[in-house]
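Q: Before anything else, here's the structure in question.
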Amino acid sequence: MTQGGHEERRRPAPLPELVDEVSAEELAELERIDGILRSVPGPPPALPPSLRHPAPPREPVRLWTRRRVAVAVALAAVLSALFFGLGTRFTGGDDFNANAAIQMDATKNAKGASALIKLGPADASGNRTLRLSVSGLKPLPDGGYYILWLAKGKDYAATCGTFSVGPGETEAQWTVSYRLADYDAWVVTARLPNEPRPENPPWLLKARI
Amino acid sequence: MATTERDAVLIERTGEGDRDAFEELYRRFARPVLAMALRQLGDNGRAEDATQDTFAAVWRSARSYRQDRGSASAWLYAVARHAIIDRARQRVEPAAEAPDIPSGEDGPEAQAEASWLSWRVHSALERLPERERVVLELAYWSGLSQVEVASYLDVPLGTVKTRTRAGLARLAGLLEEVRE
């Protein structure tokens, strides 16, 4: 839209052509601003695609916020439970390098279903791999799919990925860069084909973060 | 809440790890930072890197901001300037002898003043309603006449003049302390 001061530009019109019918006092004030605007280079036209959003902050400002402490405690509890009870589900003969696992429980909308999320360690850029092992969900009609979300409150705040299921256990794997401390829960919903996107799709599986 | 106070609150909330506040700061200041980086680095890629560096530094150091030591805008300007200087230092200059004729460019002090003024103006522009900011940018930095602006935006000429006047008046308030 603008030339950003990097190319030769036409001079702006004199102030009286830009505004009219102003009092002498107001004109004097506008002339001050007019002079300032003429003296500075233009702003860049628009943010380029690479700057539409800030890079995800990677360095936490406070290492141990209350929420992080709560998350760490919750993760420790989950890990303990897994080591003592469910541990074999993700350590026995599995090549996935998990350093945490979260059991997802079925809601009343998907009785009999269950899932386990295995979280890999974050790499230097803050990305981590997660693997979802799910069973008991019904295969959806052709074109339908399930979605794993990170939810905050009742909002579907971030999408981790989509998957379909077949008979037995299904595994899906994605790389995500979200800070789990920013969210409250993992949830799974379904998207049916040829139907408008529901505003509040029912939760089928859930796990608190 | 005044915009300056609002910016200060945003920095403080960013210091507490509030990502929403950080993203709002980004929306308000990314263009002024990019504009400054482009002017000083003269290279789109490095200017974009410097902009990202600036906001990474904002995220890291927002806790150190104190309202009683200066305005939010001045603090952000300082953070951006450091990030841009760091990027400029990374540039590999070809070996060359310094010219033995005086440069026609402004001295460092004048350049710093001009840079600060541009920052103030660009930051203030970001606070204008979009409809007012657009007509000012078209008039001042694209060199369009009011008739051309009206045609470009497909709005009546009277609307363009009203928005221009309102935008200039609003800028006057935002740039109250900038006196020539």
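Labeling convention for the structure tokens: chains A, B, ... as they appear, residues from 1 per chain, ligands from 1 in order of appearance.
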Would you mind writing down, as a PyMOL selection string, each residue of segment 133-188 of chain A that DSSP on the backbone assigns to strand (DSSP E)?

A: chain A and resi 133-135+145-152+155-163+170-176+185-188

Q: With DSSP run on the backbone, what are the helix (DSSP H, G or I) residues within segment 52-156 of chain B? I'd like them as a VMD selection string.

A: chain B and resid 52 to 64 67 to 69 72 to 89 108 to 127 130 to 141 146 to 153

Q: Residues within 12 Å of His82 of chain B, please, as a list in words. Count only C-alpha atoms; anything in the same chain fewer than 2 positions from it doesn't count.

A: Val33, Met36, Ala37, Gln40, Ala50, Thr51, Asp53, Thr54, Phe55, Ala57, Val58, Trp75, Leu76, Tyr77, Ala78, Val79, Ala80, Ile84, Ile85, Asp86, Arg87, Ala88 and Arg89 of chain B

Q: May I have the residues within 9 Å of Ala151 of chain A as a list of chain:residue names, using only C-alpha atoms and disregarding those fewer than 4 positions away in the same chain?

A: A:Asp155, A:Tyr156, A:Ala157, A:Ala158, A:Thr159, A:Tyr183, A:Asp184, A:Ala185, A:Trp186, A:Val187

Q: Could you please take those selected residues and save all heavy atoms as a PDB file, in the first residue's frame?

A:
```
ATOM      1  N   ASP A 155     -12.863 -24.073  25.408  1.00  0.00           N
ATOM      2  CA  ASP A 155     -12.489 -23.743  24.037  1.00  0.00           C
ATOM      3  C   ASP A 155     -11.543 -24.788  23.469  1.00  0.00           C
ATOM      4  O   ASP A 155     -10.683 -25.311  24.180  1.00  0.00           O
ATOM      5  CB  ASP A 155     -11.797 -22.380  23.992  1.00  0.00           C
ATOM      6  CG  ASP A 155     -12.746 -21.268  24.364  1.00  0.00           C
ATOM      7  OD1 ASP A 155     -13.956 -21.438  24.127  1.00  0.00           O
ATOM      8  OD2 ASP A 155     -12.281 -20.255  24.898  1.00  0.00           O
ATOM      9  N   TYR A 156     -11.704 -25.004  22.183  1.00  0.00           N
ATOM     10  CA  TYR A 156     -10.755 -25.865  21.481  1.00  0.00           C
ATOM     11  C   TYR A 156      -9.601 -24.960  21.067  1.00  0.00           C
ATOM     12  O   TYR A 156      -9.678 -24.263  20.069  1.00  0.00           O
ATOM     13  CB  TYR A 156     -11.422 -26.523  20.276  1.00  0.00           C
ATOM     14  CG  TYR A 156     -12.584 -27.367  20.691  1.00  0.00           C
ATOM     15  CD1 TYR A 156     -13.870 -26.868  20.677  1.00  0.00           C
ATOM     16  CD2 TYR A 156     -12.372 -28.657  21.152  1.00  0.00           C
ATOM     17  CE1 TYR A 156     -14.941 -27.633  21.096  1.00  0.00           C
ATOM     18  CE2 TYR A 156     -13.439 -29.441  21.573  1.00  0.00           C
ATOM     19  CZ  TYR A 156     -14.722 -28.914  21.543  1.00  0.00           C
ATOM     20  OH  TYR A 156     -15.765 -29.670  21.968  1.00  0.00           O
ATOM     21  N   ALA A 157      -8.547 -24.963  21.859  1.00  0.00           N
ATOM     22  CA  ALA A 157      -7.542 -23.916  21.721  1.00  0.00           C
ATOM     23  C   ALA A 157      -6.480 -24.233  20.673  1.00  0.00           C
ATOM     24  O   ALA A 157      -5.948 -23.337  20.046  1.00  0.00           O
ATOM     25  CB  ALA A 157      -6.891 -23.667  23.073  1.00  0.00           C
ATOM     26  N   ALA A 158      -6.125 -25.480  20.491  1.00  0.00           N
ATOM     27  CA  ALA A 158      -5.072 -25.820  19.537  1.00  0.00           C
ATOM     28  C   ALA A 158      -5.290 -27.230  19.023  1.00  0.00           C
ATOM     29  O   ALA A 158      -5.663 -28.124  19.773  1.00  0.00           O
ATOM     30  CB  ALA A 158      -3.705 -25.721  20.217  1.00  0.00           C
ATOM     31  N   THR A 159      -5.053 -27.401  17.735  1.00  0.00           N
ATOM     32  CA  THR A 159      -5.222 -28.717  17.133  1.00  0.00           C
ATOM     33  C   THR A 159      -3.893 -29.453  17.111  1.00  0.00           C
ATOM     34  O   THR A 159      -2.896 -28.901  16.663  1.00  0.00           O
ATOM     35  CB  THR A 159      -5.674 -28.583  15.671  1.00  0.00           C
ATOM     36  OG1 THR A 159      -6.698 -27.627  15.610  1.00  0.00           O
ATOM     37  CG2 THR A 159      -6.161 -29.895  15.132  1.00  0.00           C
ATOM     38  N   TYR A 183      -2.570 -24.897  28.512  1.00  0.00           N
ATOM     39  CA  TYR A 183      -3.851 -25.546  28.255  1.00  0.00           C
ATOM     40  C   TYR A 183      -4.317 -26.345  29.479  1.00  0.00           C
ATOM     41  O   TYR A 183      -3.544 -26.584  30.409  1.00  0.00           O
ATOM     42  CB  TYR A 183      -3.735 -26.463  27.030  1.00  0.00           C
ATOM     43  CG  TYR A 183      -3.213 -25.718  25.831  1.00  0.00           C
ATOM     44  CD1 TYR A 183      -1.861 -25.726  25.510  1.00  0.00           C
ATOM     45  CD2 TYR A 183      -4.062 -24.942  25.054  1.00  0.00           C
ATOM     46  CE1 TYR A 183      -1.364 -25.000  24.429  1.00  0.00           C
ATOM     47  CE2 TYR A 183      -3.582 -24.216  23.975  1.00  0.00           C
ATOM     48  CZ  TYR A 183      -2.241 -24.248  23.672  1.00  0.00           C
ATOM     49  OH  TYR A 183      -1.775 -23.519  22.619  1.00  0.00           O
ATOM     50  N   ASP A 184      -5.569 -26.752  29.410  1.00  0.00           N
ATOM     51  CA  ASP A 184      -6.145 -27.460  30.553  1.00  0.00           C
ATOM     52  C   ASP A 184      -6.332 -28.951  30.296  1.00  0.00           C
ATOM     53  O   ASP A 184      -6.326 -29.740  31.237  1.00  0.00           O
ATOM     54  CB  ASP A 184      -7.540 -26.891  30.884  1.00  0.00           C
ATOM     55  CG  ASP A 184      -7.465 -25.430  31.249  1.00  0.00           C
ATOM     56  OD1 ASP A 184      -6.447 -25.022  31.825  1.00  0.00           O
ATOM     57  OD2 ASP A 184      -8.425 -24.699  30.944  1.00  0.00           O
ATOM     58  N   ALA A 185      -6.585 -29.292  29.051  1.00  0.00           N
ATOM     59  CA  ALA A 185      -6.986 -30.684  28.805  1.00  0.00           C
ATOM     60  C   ALA A 185      -6.655 -31.110  27.379  1.00  0.00           C
ATOM     61  O   ALA A 185      -6.515 -30.277  26.482  1.00  0.00           O
ATOM     62  CB  ALA A 185      -8.494 -30.825  29.029  1.00  0.00           C
ATOM     63  N   TRP A 186      -6.500 -32.409  27.243  1.00  0.00           N
ATOM     64  CA  TRP A 186      -6.458 -33.035  25.918  1.00  0.00           C
ATOM     65  C   TRP A 186      -7.873 -33.533  25.643  1.00  0.00           C
ATOM     66  O   TRP A 186      -8.488 -34.128  26.534  1.00  0.00           O
ATOM     67  CB  TRP A 186      -5.533 -34.239  25.909  1.00  0.00           C
ATOM     68  CG  TRP A 186      -4.113 -34.005  26.297  1.00  0.00           C
ATOM     69  CD1 TRP A 186      -3.581 -34.037  27.547  1.00  0.00           C
ATOM     70  CD2 TRP A 186      -3.010 -33.739  25.423  1.00  0.00           C
ATOM     71  NE1 TRP A 186      -2.226 -33.806  27.517  1.00  0.00           N
ATOM     72  CE2 TRP A 186      -1.853 -33.622  26.225  1.00  0.00           C
ATOM     73  CE3 TRP A 186      -2.903 -33.586  24.048  1.00  0.00           C
ATOM     74  CZ2 TRP A 186      -0.591 -33.356  25.691  1.00  0.00           C
ATOM     75  CZ3 TRP A 186      -1.650 -33.330  23.515  1.00  0.00           C
ATOM     76  CH2 TRP A 186      -0.513 -33.215  24.321  1.00  0.00           C
ATOM     77  N   VAL A 187      -8.369 -33.336  24.460  1.00  0.00           N
ATOM     78  CA  VAL A 187      -9.693 -33.866  24.141  1.00  0.00           C
ATOM     79  C   VAL A 187      -9.691 -34.402  22.712  1.00  0.00           C
ATOM     80  O   VAL A 187      -8.922 -33.946  21.866  1.00  0.00           O
ATOM     81  CB  VAL A 187     -10.810 -32.807  24.282  1.00  0.00           C
ATOM     82  CG1 VAL A 187     -10.913 -32.314  25.712  1.00  0.00           C
ATOM     83  CG2 VAL A 187     -10.608 -31.649  23.341  1.00  0.00           C
TER      84      VAL A 187
END
```

Q: Mind listing as a CSV table (one decimal) with C-alpha atoms, in the first residue's frame which residues of chain B are within 8 Å of chain A, counting only C-alpha atoms?

A:
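result_11.csv written:
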```csv
chain,number,residue,atom,x,y,z
B,15,GLY,CA,6.8,-10.5,32.1
B,16,GLU,CA,4.5,-12.7,34.0
B,17,GLY,CA,4.3,-15.1,31.1
B,23,GLU,CA,0.9,-11.2,21.1
B,26,TYR,CA,3.5,-7.8,18.9
B,30,ALA,CA,5.9,-5.3,15.0
B,31,ARG,CA,5.6,-2.9,12.2
B,32,PRO,CA,7.5,0.0,13.9
B,34,LEU,CA,10.4,-3.8,11.2
B,35,ALA,CA,10.4,-0.3,9.8
B,48,GLU,CA,12.8,-9.7,9.6
B,52,GLN,CA,11.9,-11.7,15.6
B,55,PHE,CA,10.3,-9.9,20.4
B,56,ALA,CA,12.2,-12.9,21.6
B,59,TRP,CA,9.6,-12.1,26.0
B,60,ARG,CA,12.9,-12.8,27.9
B,61,SER,CA,13.3,-9.5,29.5
B,63,ARG,CA,10.2,-8.8,33.8
B,114,ALA,CA,15.7,10.7,13.6
B,117,LEU,CA,11.2,10.2,16.0
B,118,SER,CA,10.4,7.7,13.3
B,121,VAL,CA,5.5,8.2,14.6
B,122,HIS,CA,5.2,4.6,13.5
B,137,GLU,CA,-0.2,6.4,4.8
B,138,LEU,CA,-1.5,6.7,1.3
B,139,ALA,CA,-1.3,10.5,1.4
B,140,TYR,CA,2.1,10.8,3.0
B,141,TRP,CA,4.1,7.8,1.9
B,142,SER,CA,2.5,6.8,-1.3
B,143,GLY,CA,2.1,10.3,-2.5
B,144,LEU,CA,-1.6,10.0,-3.5
B,145,SER,CA,-3.7,13.0,-3.7
B,146,GLN,CA,-6.9,13.1,-1.8
B,161,LYS,CA,-10.8,14.4,4.2
B,162,THR,CA,-12.7,13.7,7.4
B,164,THR,CA,-7.3,12.6,7.3
B,165,ARG,CA,-8.2,15.4,9.6
B,168,LEU,CA,-3.9,14.0,12.1
B,169,ALA,CA,-5.7,15.3,15.1
B,171,LEU,CA,-1.7,11.9,16.0
B,172,ALA,CA,-1.3,15.3,17.5
B,175,LEU,CA,2.8,12.9,19.6
B,179,ARG,CA,7.9,19.5,19.4
B,180,GLU,CA,10.1,20.8,16.7
```

Q: Give me, please, the distance in Å between atom CA of Arg131 of chain A and atom CA of Lys118 of chain A, quoted to one decimal.

A: 5.1 Å

Q: Between B:Val147, B:Val134, B:Ala21, B:Ala112, single out the one closest to Val9 of chain B, counting only C-alpha atoms.

A: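 Among the listed residues, the smallest separation from Val9 of chain B belongs to B:Ala21.
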
Q: Using only C-alpha atoms, can you tell me which of A:Thr129, A:Asn109, A:Leu192, A:Ile209 comes closest to Gly153 of chain A?

A: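 Answer, going by the shortest atom-to-atom distance: A:Ile209.
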
Q: From the list A:Val71, A:Ala76, A:Pro49, A:Leu205, which residue is nearest Ser135 of chain A when using only C-alpha atoms?

A: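 Of the candidates, the smallest distance to Ser135 of chain A is held by A:Leu205.
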